[in-house]
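Engineer: Here you go, upload-v5.cif (mmCIF, C-alpha atoms; chains and numbers go by the auth columns):
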```
data_upload
#
loop_
_atom_site.group_PDB
_atom_site.id
_atom_site.type_symbol
_atom_site.label_atom_id
_atom_site.label_comp_id
_atom_site.label_asym_id
_atom_site.label_seq_id
_atom_site.Cartn_x
_atom_site.Cartn_y
_atom_site.Cartn_z
_atom_site.B_iso_or_equiv
_atom_site.auth_seq_id
_atom_site.auth_asym_id
ATOM 1 C CA MET A 1 137.889 135.082 142.515 0.00 1 A
ATOM 2 C CA GLN A 2 140.924 133.195 141.172 0.00 2 A
ATOM 3 C CA ASN A 3 139.434 129.904 142.300 0.00 3 A
ATOM 4 C CA TYR A 4 136.162 130.823 140.594 0.00 4 A
ATOM 5 C CA LEU A 5 137.946 131.684 137.323 0.00 5 A
ATOM 6 C CA ARG A 6 139.989 128.493 137.534 0.00 6 A
ATOM 7 C CA ILE A 7 136.852 126.365 138.043 0.00 7 A
ATOM 8 C CA THR A 8 135.059 128.154 135.198 0.00 8 A
ATOM 9 C CA ARG A 9 138.035 127.632 132.864 0.00 9 A
ATOM 10 C CA VAL A 10 138.184 123.908 133.710 0.00 10 A
ATOM 11 C CA PHE A 11 134.429 123.567 133.163 0.00 11 A
ATOM 12 C CA LEU A 12 134.657 125.207 129.734 0.00 12 A
ATOM 13 C CA LEU A 13 137.579 122.971 128.771 0.00 13 A
ATOM 14 C CA LEU A 14 135.520 119.907 129.705 0.00 14 A
ATOM 15 C CA ILE A 15 132.634 121.089 127.526 0.00 15 A
ATOM 16 C CA VAL A 16 134.958 121.690 124.555 0.00 16 A
ATOM 17 C CA ALA A 17 136.537 118.266 125.023 0.00 17 A
ATOM 18 C CA ALA A 18 133.105 116.626 125.076 0.00 18 A
ATOM 19 C CA LEU A 19 132.089 118.428 121.894 0.00 19 A
ATOM 20 C CA LEU A 20 135.324 117.381 120.186 0.00 20 A
ATOM 21 C CA CYS A 21 134.587 113.756 121.050 0.00 21 A
ATOM 22 C CA VAL A 22 130.938 113.761 119.959 0.00 22 A
ATOM 23 C CA SER A 23 130.724 116.121 117.017 0.00 23 A
ATOM 24 C CA PRO A 24 132.746 114.085 114.478 0.00 24 A
ATOM 25 C CA ILE A 25 130.469 111.066 115.011 0.00 25 A
ATOM 26 C CA SER A 26 127.330 113.155 114.796 0.00 26 A
ATOM 27 C CA ALA A 27 128.596 114.963 111.733 0.00 27 A
ATOM 28 C CA GLN A 28 129.434 111.690 110.039 0.00 28 A
ATOM 29 C CA ALA A 29 126.027 110.182 110.863 0.00 29 A
ATOM 30 C CA SER A 30 124.158 113.195 109.519 0.00 30 A
ATOM 31 C CA ALA A 31 126.365 113.643 106.457 0.00 31 A
ATOM 32 C CA TYR A 32 124.951 110.695 104.521 0.00 32 A
ATOM 33 C CA GLN A 33 122.607 111.388 101.628 0.00 33 A
ATOM 34 C CA ASN A 34 119.053 110.228 102.269 0.00 34 A
ATOM 35 C CA TRP A 35 118.146 107.183 100.156 0.00 35 A
ATOM 36 C CA THR A 36 114.988 106.230 102.055 0.00 36 A
ATOM 37 C CA GLY A 37 111.767 106.528 100.054 0.00 37 A
ATOM 38 C CA VAL A 38 110.098 105.488 96.812 0.00 38 A
ATOM 39 C CA TRP A 39 111.928 106.012 93.525 0.00 39 A
ATOM 40 C CA ILE A 40 110.253 105.848 90.114 0.00 40 A
ATOM 41 C CA THR A 41 112.805 104.062 87.930 0.00 41 A
ATOM 42 C CA ASN A 42 113.150 102.440 84.520 0.00 42 A
ATOM 43 C CA GLN A 43 112.959 99.122 86.398 0.00 43 A
ATOM 44 C CA GLY A 44 109.668 100.054 88.080 0.00 44 A
ATOM 45 C CA ALA A 45 108.935 101.573 91.483 0.00 45 A
ATOM 46 C CA LEU A 46 111.860 100.971 93.874 0.00 46 A
ATOM 47 C CA LYS A 47 111.159 101.278 97.611 0.00 47 A
ATOM 48 C CA LEU A 48 114.338 101.850 99.661 0.00 48 A
ATOM 49 C CA GLN A 49 115.013 101.877 103.402 0.00 49 A
ATOM 50 C CA GLN A 50 118.296 103.218 104.806 0.00 50 A
ATOM 51 C CA GLU A 51 119.862 102.285 108.144 0.00 51 A
ATOM 52 C CA GLY A 52 123.211 104.022 108.557 0.00 52 A
ATOM 53 C CA LYS A 53 125.378 102.942 105.627 0.00 53 A
ATOM 54 C CA THR A 54 123.146 99.974 104.682 0.00 54 A
ATOM 55 C CA VAL A 55 120.324 100.416 102.157 0.00 55 A
ATOM 56 C CA SER A 56 117.833 97.704 101.182 0.00 56 A
ATOM 57 C CA GLY A 57 114.665 97.715 99.119 0.00 57 A
ATOM 58 C CA THR A 58 112.128 95.982 96.885 0.00 58 A
ATOM 59 C CA TYR A 59 110.849 96.390 93.323 0.00 59 A
ATOM 60 C CA CYS A 60 109.045 94.482 90.565 0.00 60 A
ATOM 61 C CA SER A 61 111.348 93.255 87.806 0.00 61 A
ATOM 62 C CA ASP A 62 110.510 93.349 84.091 0.00 62 A
ATOM 63 C CA SER A 63 109.708 89.647 84.303 0.00 63 A
ATOM 64 C CA GLY A 64 107.179 90.375 87.062 0.00 64 A
ATOM 65 C CA LEU A 65 109.222 88.794 89.839 0.00 65 A
ATOM 66 C CA SER A 66 109.134 90.301 93.305 0.00 66 A
ATOM 67 C CA SER A 67 112.747 91.483 93.568 0.00 67 A
ATOM 68 C CA ARG A 68 115.052 93.161 96.066 0.00 68 A
ATOM 69 C CA VAL A 69 118.282 95.102 96.402 0.00 69 A
ATOM 70 C CA LYS A 70 120.798 95.384 99.228 0.00 70 A
ATOM 71 C CA GLY A 71 123.803 97.685 99.231 0.00 71 A
ATOM 72 C CA THR A 72 126.237 99.793 101.200 0.00 72 A
ATOM 73 C CA LEU A 73 127.133 103.472 100.900 0.00 73 A
ATOM 74 C CA ALA A 74 130.546 103.575 99.251 0.00 74 A
ATOM 75 C CA ASP A 75 131.813 107.012 100.318 0.00 75 A
ATOM 76 C CA ASP A 76 131.823 109.293 103.349 0.00 76 A
ATOM 77 C CA TRP A 77 128.859 111.350 102.116 0.00 77 A
ATOM 78 C CA GLY A 78 126.700 108.429 100.965 0.00 78 A
ATOM 79 C CA VAL A 79 126.478 109.698 97.398 0.00 79 A
ATOM 80 C CA THR A 80 127.315 106.309 95.871 0.00 80 A
ATOM 81 C CA LEU A 81 125.427 103.123 96.683 0.00 81 A
ATOM 82 C CA ARG A 82 126.818 99.735 95.622 0.00 82 A
ATOM 83 C CA GLY A 83 125.404 96.265 96.174 0.00 83 A
ATOM 84 C CA GLN A 84 123.500 93.345 94.717 0.00 84 A
ATOM 85 C CA TYR A 85 120.037 92.896 93.241 0.00 85 A
ATOM 86 C CA TYR A 86 118.068 89.628 93.432 0.00 86 A
ATOM 87 C CA GLU A 87 115.373 88.573 90.934 0.00 87 A
ATOM 88 C CA GLY A 88 114.197 85.070 91.749 0.00 88 A
ATOM 89 C CA ILE A 89 117.266 82.822 91.474 0.00 89 A
ATOM 90 C CA GLU A 90 119.143 85.451 89.459 0.00 90 A
ATOM 91 C CA SER A 91 121.361 88.126 90.999 0.00 91 A
ATOM 92 C CA GLY A 92 123.895 90.725 89.937 0.00 92 A
ATOM 93 C CA LEU A 93 125.717 93.882 90.894 0.00 93 A
ATOM 94 C CA PHE A 94 124.426 97.452 90.784 0.00 94 A
ATOM 95 C CA GLU A 95 125.729 100.939 91.462 0.00 95 A
ATOM 96 C CA PHE A 96 123.691 104.122 91.992 0.00 96 A
ATOM 97 C CA ARG A 97 124.931 107.695 92.361 0.00 97 A
ATOM 98 C CA ILE A 98 122.541 110.226 93.863 0.00 98 A
ATOM 99 C CA THR A 99 122.236 113.644 92.163 0.00 99 A
ATOM 100 C CA GLU A 100 120.281 116.899 92.169 0.00 100 A
ATOM 101 C CA SER A 101 119.836 117.362 95.918 0.00 101 A
ATOM 102 C CA ASN A 102 118.649 113.815 96.625 0.00 102 A
ATOM 103 C CA GLN A 103 116.008 113.934 93.902 0.00 103 A
ATOM 104 C CA LYS A 104 117.530 111.641 91.256 0.00 104 A
ATOM 105 C CA PHE A 105 119.981 108.814 90.872 0.00 105 A
ATOM 106 C CA ARG A 106 121.883 107.463 87.896 0.00 106 A
ATOM 107 C CA GLY A 107 123.498 104.066 87.791 0.00 107 A
ATOM 108 C CA TRP A 108 123.743 100.645 86.235 0.00 108 A
ATOM 109 C CA ARG A 109 123.151 96.952 86.821 0.00 109 A
ATOM 110 C CA ASP A 110 125.576 94.219 85.713 0.00 110 A
ATOM 111 C CA SER A 111 127.545 96.649 83.499 0.00 111 A
ATOM 112 C CA ALA A 112 127.852 100.360 82.756 0.00 112 A
ATOM 113 C CA ASN A 113 125.940 99.764 79.495 0.00 113 A
ATOM 114 C CA ASN A 114 122.812 98.598 81.348 0.00 114 A
ATOM 115 C CA GLU A 115 121.460 101.847 82.814 0.00 115 A
ATOM 116 C CA TRP A 116 119.310 102.023 85.938 0.00 116 A
ATOM 117 C CA VAL A 117 117.994 105.531 86.655 0.00 117 A
ATOM 118 C CA GLY A 118 115.316 106.931 88.925 0.00 118 A
ATOM 119 C CA ASN A 119 113.545 110.006 90.255 0.00 119 A
ATOM 120 C CA ARG A 120 112.378 110.384 93.844 0.00 120 A
ATOM 121 C CA ALA A 121 108.599 110.041 94.001 0.00 121 A
ATOM 122 C CA PRO A 122 106.797 113.310 94.830 0.00 122 A
ATOM 123 C CA ALA A 123 105.143 113.834 98.194 0.00 123 A
ATOM 124 C CA SER A 124 101.776 113.259 96.506 0.00 124 A
ATOM 125 C CA TYR A 125 102.840 109.780 95.313 0.00 125 A
ATOM 126 C CA ASP A 126 100.376 107.014 96.136 0.00 126 A
ATOM 127 C CA LYS A 127 101.412 103.400 95.676 0.00 127 A
ATOM 128 C CA VAL A 128 97.858 102.670 94.488 0.00 128 A
ATOM 129 C CA ARG A 129 97.112 104.326 91.161 0.00 129 A
ATOM 130 C CA ARG A 130 94.046 104.321 88.929 0.00 130 A
ATOM 131 C CA GLN A 131 94.711 102.581 85.626 0.00 131 A
ATOM 132 C CA THR A 132 92.471 103.374 82.649 0.00 132 A
ATOM 133 C CA MET A 133 92.399 101.062 79.640 0.00 133 A
ATOM 134 C CA THR A 134 90.179 100.617 76.615 0.00 134 A
ATOM 135 C CA VAL A 135 88.758 97.091 76.345 0.00 135 A
ATOM 136 C CA ILE A 136 88.199 96.052 72.715 0.00 136 A
ATOM 137 C CA ASN A 137 85.970 93.021 72.185 0.00 137 A
ATOM 138 C CA ASN A 138 87.085 91.304 68.994 0.00 138 A
ATOM 139 C CA SER A 139 85.819 87.899 70.141 0.00 139 A
ATOM 140 C CA PRO A 140 82.713 86.193 68.671 0.00 140 A
ATOM 141 C CA HIS A 141 80.857 86.636 71.998 0.00 141 A
ATOM 142 C CA HIS A 142 79.574 89.405 74.214 0.00 142 A
ATOM 143 C CA ILE A 143 81.615 90.159 77.376 0.00 143 A
ATOM 144 C CA THR A 144 79.473 90.380 80.511 0.00 144 A
ATOM 145 C CA ALA A 145 82.158 90.960 83.168 0.00 145 A
ATOM 146 C CA ILE A 146 85.870 91.689 83.582 0.00 146 A
ATOM 147 C CA PHE A 147 87.725 91.151 86.851 0.00 147 A
ATOM 148 C CA VAL A 148 91.236 92.169 87.966 0.00 148 A
ATOM 149 C CA SER A 149 93.065 90.804 91.004 0.00 149 A
ATOM 150 C CA PRO A 150 96.572 90.454 92.441 0.00 150 A
ATOM 151 C CA ALA A 151 97.843 86.989 91.464 0.00 151 A
ATOM 152 C CA ASP A 152 96.588 84.295 93.851 0.00 152 A
ATOM 153 C CA ALA A 153 94.355 86.731 95.751 0.00 153 A
ATOM 154 C CA GLU A 154 90.788 85.720 96.575 0.00 154 A
ATOM 155 C CA ASP A 155 89.139 89.098 95.998 0.00 155 A
ATOM 156 C CA TRP A 156 88.488 90.521 92.529 0.00 156 A
ATOM 157 C CA GLN A 157 87.882 94.048 91.239 0.00 157 A
ATOM 158 C CA GLU A 158 84.914 94.059 88.864 0.00 158 A
ATOM 159 C CA VAL A 159 85.739 96.718 86.262 0.00 159 A
ATOM 160 C CA LEU A 160 82.980 96.510 83.659 0.00 160 A
ATOM 161 C CA ALA A 161 80.419 97.892 86.129 0.00 161 A
ATOM 162 C CA GLY A 162 77.748 95.348 85.157 0.00 162 A
ATOM 163 C CA GLN A 163 77.555 96.599 81.569 0.00 163 A
ATOM 164 C CA GLU A 164 77.679 94.153 78.662 0.00 164 A
ATOM 165 C CA LEU A 165 80.366 94.761 76.082 0.00 165 A
ATOM 166 C CA ARG A 166 78.967 93.534 72.784 0.00 166 A
ATOM 167 C CA LEU A 167 81.104 91.941 70.107 0.00 167 A
ATOM 168 C CA GLY A 168 82.926 94.551 68.025 0.00 168 A
ATOM 169 C CA ALA A 169 82.456 97.225 70.720 0.00 169 A
ATOM 170 C CA GLN A 170 84.941 98.910 73.048 0.00 170 A
ATOM 171 C CA ARG A 171 84.741 100.677 76.393 0.00 171 A
ATOM 172 C CA ASN A 172 87.083 102.361 78.862 0.00 172 A
ATOM 173 C CA VAL A 173 87.486 100.639 82.228 0.00 173 A
ATOM 174 C CA VAL A 174 89.230 101.892 85.378 0.00 174 A
ATOM 175 C CA PHE A 175 90.804 99.772 88.097 0.00 175 A
ATOM 176 C CA ASN A 176 93.243 100.228 90.971 0.00 176 A
ATOM 177 C CA ILE A 177 96.833 99.008 90.595 0.00 177 A
ATOM 178 C CA ASP A 178 99.131 98.664 93.623 0.00 178 A
ATOM 179 C CA SER A 179 102.753 99.351 92.598 0.00 179 A
ATOM 180 C CA GLU A 180 103.985 96.908 95.270 0.00 180 A
ATOM 181 C CA VAL A 181 102.085 94.006 93.651 0.00 181 A
ATOM 182 C CA CYS A 182 104.166 92.546 90.827 0.00 182 A
ATOM 183 C CA LEU A 183 101.768 90.127 89.130 0.00 183 A
ATOM 184 C CA TRP A 184 98.036 90.293 88.371 0.00 184 A
ATOM 185 C CA ASP A 185 95.246 88.023 87.148 0.00 185 A
ATOM 186 C CA ILE A 186 92.515 89.085 84.705 0.00 186 A
ATOM 187 C CA ARG A 187 89.268 87.144 84.248 0.00 187 A
ATOM 188 C CA ILE A 188 86.962 87.783 81.280 0.00 188 A
ATOM 189 C CA VAL A 189 83.414 86.401 81.459 0.00 189 A
ATOM 190 C CA GLU A 190 81.470 85.875 78.234 0.00 190 A
ATOM 191 C CA SER A 191 77.732 85.582 77.637 0.00 191 A
ATOM 192 C CA GLY A 192 76.595 82.140 78.766 0.00 192 A
ATOM 193 C CA GLY A 193 78.868 82.247 81.797 0.00 193 A
ATOM 194 C CA VAL A 194 82.003 80.928 80.092 0.00 194 A
ATOM 195 C CA PHE A 195 85.100 82.631 81.487 0.00 195 A
ATOM 196 C CA THR A 196 88.833 82.732 80.769 0.00 196 A
ATOM 197 C CA THR A 197 91.420 83.625 83.424 0.00 197 A
ATOM 198 C CA PHE A 198 94.806 85.033 82.433 0.00 198 A
ATOM 199 C CA GLN A 199 97.277 84.557 85.266 0.00 199 A
ATOM 200 C CA SER A 200 100.497 86.159 86.504 0.00 200 A
ATOM 201 C CA LEU A 201 100.489 89.235 84.261 0.00 201 A
ATOM 202 C CA LYS A 202 102.602 92.341 84.696 0.00 202 A
ATOM 203 C CA ILE A 203 100.397 95.383 84.107 0.00 203 A
ATOM 204 C CA SER A 204 102.508 98.345 83.009 0.00 204 A
ATOM 205 C CA PRO A 205 101.465 102.010 83.449 0.00 205 A
ATOM 206 C CA GLU A 206 102.095 102.381 79.711 0.00 206 A
ATOM 207 C CA PHE A 207 99.343 99.947 78.737 0.00 207 A
ATOM 208 C CA THR A 208 96.335 101.750 77.288 0.00 208 A
ATOM 209 C CA SER A 209 94.151 98.931 75.899 0.00 209 A
ATOM 210 C CA ILE A 210 93.146 95.265 76.224 0.00 210 A
ATOM 211 C CA ASN A 211 92.276 93.585 72.923 0.00 211 A
ATOM 212 C CA TYR A 212 90.265 90.398 73.538 0.00 212 A
ATOM 213 C CA PHE A 213 89.960 87.949 70.634 0.00 213 A
ATOM 214 C CA TYR A 214 89.914 84.261 69.757 0.00 214 A
ATOM 215 C CA LYS A 215 92.857 82.268 68.434 0.00 215 A
ATOM 216 C CA ASN A 216 92.513 78.615 67.501 0.00 216 A
ATOM 217 C CA GLY A 217 89.124 78.565 69.194 0.00 217 A
ATOM 218 C CA VAL A 218 90.424 79.885 72.512 0.00 218 A
ATOM 219 C CA GLY A 219 89.923 83.303 74.071 0.00 219 A
ATOM 220 C CA THR A 220 93.122 85.322 74.328 0.00 220 A
ATOM 221 C CA PHE A 221 94.197 88.966 74.541 0.00 221 A
ATOM 222 C CA HIS A 222 97.104 91.351 74.382 0.00 222 A
ATOM 223 C CA PHE A 223 97.855 94.713 75.938 0.00 223 A
ATOM 224 C CA GLY A 224 98.215 97.725 73.652 0.00 224 A
ATOM 225 C CA VAL A 225 100.367 100.813 74.103 0.00 225 A
ATOM 226 C CA GLY A 226 99.465 104.190 72.603 0.00 226 A
#
```
How would this structure read if it were set down as structure tokens?
Structural biologist:
Amino acid sequence: MQNYLRITRVFLLLIVAALLCVSPISAQASAYQNWTGVWITNQGALKLQQEGKTVSGTYCSDSGLSSRVKGTLADDWGVTLRGQYYEGIESGLFEFRITESNQKFRGWRDSANNEWVGNRAPASYDKVRRQTMTVINNSPHHITAIFVSPADAEDWQEVLAGQELRLGAQRNVVFNIDSEVCLWDIRIVESGGVFTTFQSLKISPEFTSINYFYKNGVGTFHFGVG
């Protein structure tokens, strides 16, 4: 019996020792806040991927450049993320601090006065959204077709549905926008087959209208808000 108790006691001590060796590492690995996911920010949709203490991601800058971030968790719990952002040849520093049970972050880029804030995208978030805009034809010609495409892509979305938009008229159009595509092309075809292509545009969710008109004899347009 004494041998049995002695063996049992040694076995239990070995288990405790193993737990003492493993549990701090496991606890540390699981203690980090979860940054992985899509965040809707004032700099556009930010897609982050976390591997341990390293977090990297991509977003579309205000200038329409395909941009990225890379940072490191700066504390034991992973609440603060610090690193660099890259927009074309430009780069700078950023700092985010996660809040409200992993649902929001507040931070800055370059300086504390330049705020960068975001909310975690809901489970229902789809990177492809339907954009509705009112097309206003203030040109001297009828519009027979409108196409939208990611910049440099070969395929177009035809959004006027084969209906002619007469001069002075307006109509709502709907097209699909992928939040991971930074720049878009729009082609407007007039009666007679003449077309104008506007390249490398950033299409914001806030845009509500496209006003097409002529300036100095050339077709042009601008986006409207509200």
Engineer: Go ahead and find all residues with at least one atom no further than 9 Å from (118.4, 105.1, 86.0) in the file's coordinates, using all atoms listed in the file; report them as number ranges by chain.
Structural biologist: A: 41-43, 96, 104-108, 115-119
Engineer: For CA of Val55 in chain A and CA of Asn114 in chain A, determine how far apart the two atoms are, in Å to one decimal place.
Structural biologist: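 That distance, rounded to one decimal, is 21.0 Å.
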Engineer: I'd like to know which of A:Ile188, A:Ala74, A:Leu167, A:Ile177 is closest to Val128 in chain A, using all atoms listed in the file.
Structural biologist: A:Ile177
Engineer: If we count all atoms listed in the file and set the cut-off at 8 Å, which residues sit around His222 in chain A, ignoring sequence neighbours fewer than 4 positions away in its own chain? Please answer as a list of chain:residue names.
Structural biologist: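 Using all atoms listed in the file, the neighbours found are A:Ile210, A:Asn211, A:Tyr212.
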Engineer: Using only C-alpha atoms, determine which residues lie at most 12 Å from Phe94 in chain A, disregarding the query and same-chain residues fewer than 6 positions distant; provide the list as a PyMOL selection string.
Structural biologist: chain A and resi 68-72+80-86+106-117
Engineer: Need to verify the contact set: Gly192 in chain A, 10 Å, all atoms listed in the file, exclusion of same-chain residues closer than 6 positions in sequence. Can you return it as a list of chain:residue names?
Structural biologist: A:His141, A:His142, A:Ile143, A:Thr144
Engineer: Calculated over only C-alpha atoms, which of the candidates A:Thr196, A:Ser101, A:Thr58, A:Ser209 has the smallest distance to Ile146 in chain A?
Structural biologist: A:Thr196
Engineer: Might I get the box with edges along x, y and z of the file that holds all atoms of range 64-70 of chain A listed there, padded by 4 Å on every side, given as centre and edge lengths in Å to one decimal, as lines of an AutoDock Vina configuration file?
Structural biologist:
```
center_x = 114.0
center_y = 92.1
center_z = 93.1
size_x = 21.6
size_y = 14.6
size_z = 20.2
```
Engineer: For this file, the PyMOL selection byres ((chain A and resi 126) around 12) selects which residues, as a list in words?
Structural biologist: Val38, Trp39, Ile40, Ala45, Ala121, Pro122, Ala123, Ser124, Tyr125, Lys127, Val128, Arg129, Arg130, Asn176, Ile177, Asp178, Ser179 and Glu180 of chain A
Engineer: Kindly indicate which residue among A:Gln103, A:Thr132, A:Thr220, A:Ser91 lies nearest to Pro205 in chain A, using only C-alpha atoms for the distances.
Structural biologist: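 For Pro205 in chain A, the nearest of the candidates is A:Thr132.
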Engineer: Give as JSON, numbers by chain each residue that has an atom at most 9 Å from (83.1, 99.3, 68.2) in the file, counting all atoms listed in the file.
Structural biologist: {"A": [136, 137, 138, 166, 167, 168, 169, 170, 171]}
Engineer: Could you turn the residues from that selection into a file that holds C-alpha atoms, as a PDB file, keeping the file's coordinate frame?
Structural biologist:
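File written: selection.pdb
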```
ATOM      1  CA  ILE A 136      88.199  96.052  72.715  1.00  0.00           C
ATOM      2  CA  ASN A 137      85.970  93.021  72.185  1.00  0.00           C
ATOM      3  CA  ASN A 138      87.085  91.304  68.994  1.00  0.00           C
ATOM      4  CA  ARG A 166      78.967  93.534  72.784  1.00  0.00           C
ATOM      5  CA  LEU A 167      81.104  91.941  70.107  1.00  0.00           C
ATOM      6  CA  GLY A 168      82.926  94.551  68.025  1.00  0.00           C
ATOM      7  CA  ALA A 169      82.456  97.225  70.720  1.00  0.00           C
ATOM      8  CA  GLN A 170      84.941  98.910  73.048  1.00  0.00           C
ATOM      9  CA  ARG A 171      84.741 100.677  76.393  1.00  0.00           C
TER      10      ARG A 171
END
```
Engineer: Using CA of Thr208 in chain A and CA of Pro140 in chain A as the two end points, give the distance in Å to one decimal.
Structural biologist: 22.4 Å
Engineer: Between CA of Gln50 in chain A and CA of Trp35 in chain A, what is the distance in Å, rounded to a tenth?
Structural biologist: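 It comes out at 6.1 Å.
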Engineer: Restricting the calculation to only C-alpha atoms: of A:Val173, A:Val225, A:Leu46, A:Ala151, which residue gets closest to Lys202 in chain A?
Structural biologist: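 Nearest candidate to Lys202 in chain A out of A:Val173, A:Val225, A:Leu46, A:Ala151: A:Ala151.
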Engineer: Here is a test: counting only C-alpha atoms, which residue of A:Asn102, A:Ser67, A:Ser139, A:Gln157 is nearest to Cys182 in chain A?
Structural biologist: A:Ser67
Engineer: Check what the PyMOL selection byres ((chain A and resi 48) around 6) selects in the file above and give those residues as a list in words.
Structural biologist: Thr36, Gly37, Lys47, Gln49, Ser56 and Gly57 of chain A
Engineer: Could I get range 76-94 of chain A from the block written out with N, CA and C atoms, as a compact mmCIF listing (two decimals), in the first residue's frame?
Structural biologist:
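This went into part-v2.txt:
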```txt
# COMPACT_ATOMS: atom_id res chain seq x y z
N ASP A 76 1.24 42.79 -23.15
CA ASP A 76 1.02 41.36 -22.89
C ASP A 76 -0.35 40.86 -23.30
N TRP A 77 -1.35 41.76 -23.33
CA TRP A 77 -2.71 41.35 -23.66
C TRP A 77 -3.06 41.62 -25.12
N GLY A 78 -2.18 42.30 -25.85
CA GLY A 78 -2.46 42.58 -27.26
C GLY A 78 -3.51 43.65 -27.47
N VAL A 79 -3.67 44.53 -26.50
CA VAL A 79 -4.65 45.61 -26.62
C VAL A 79 -4.16 46.70 -27.56
N THR A 80 -2.86 46.95 -27.56
CA THR A 80 -2.28 48.02 -28.37
C THR A 80 -1.48 47.42 -29.52
N LEU A 81 -1.73 47.95 -30.71
CA LEU A 81 -1.03 47.52 -31.91
C LEU A 81 -0.26 48.71 -32.49
N ARG A 82 1.03 48.55 -32.69
CA ARG A 82 1.86 49.62 -33.25
C ARG A 82 2.61 49.09 -34.47
N GLY A 83 2.79 49.96 -35.47
CA GLY A 83 3.53 49.54 -36.65
C GLY A 83 3.59 50.63 -37.69
N GLN A 84 3.73 50.20 -38.95
CA GLN A 84 3.84 51.12 -40.07
C GLN A 84 2.75 50.85 -41.09
N TYR A 85 2.31 51.94 -41.76
CA TYR A 85 1.43 51.79 -42.92
C TYR A 85 2.22 52.18 -44.17
N TYR A 86 1.79 51.63 -45.33
CA TYR A 86 2.48 51.88 -46.59
C TYR A 86 1.44 52.20 -47.66
N GLU A 87 1.54 53.39 -48.25
CA GLU A 87 0.66 53.83 -49.32
C GLU A 87 1.52 54.23 -50.51
N GLY A 88 1.67 53.31 -51.47
CA GLY A 88 2.58 53.57 -52.57
C GLY A 88 4.00 53.71 -52.04
N ILE A 89 4.66 54.83 -52.37
CA ILE A 89 6.02 55.07 -51.89
C ILE A 89 6.03 55.78 -50.54
N GLU A 90 4.85 56.14 -50.04
CA GLU A 90 4.75 56.83 -48.76
C GLU A 90 4.56 55.82 -47.63
N SER A 91 5.05 56.15 -46.45
CA SER A 91 4.84 55.30 -45.28
C SER A 91 4.85 56.17 -44.02
N GLY A 92 4.36 55.61 -42.94
CA GLY A 92 4.33 56.32 -41.67
C GLY A 92 3.99 55.38 -40.54
N LEU A 93 3.92 55.94 -39.35
CA LEU A 93 3.64 55.14 -38.16
C LEU A 93 2.16 55.20 -37.81
N PHE A 94 1.67 54.14 -37.17
CA PHE A 94 0.31 54.13 -36.65
C PHE A 94 0.29 53.45 -35.30
```
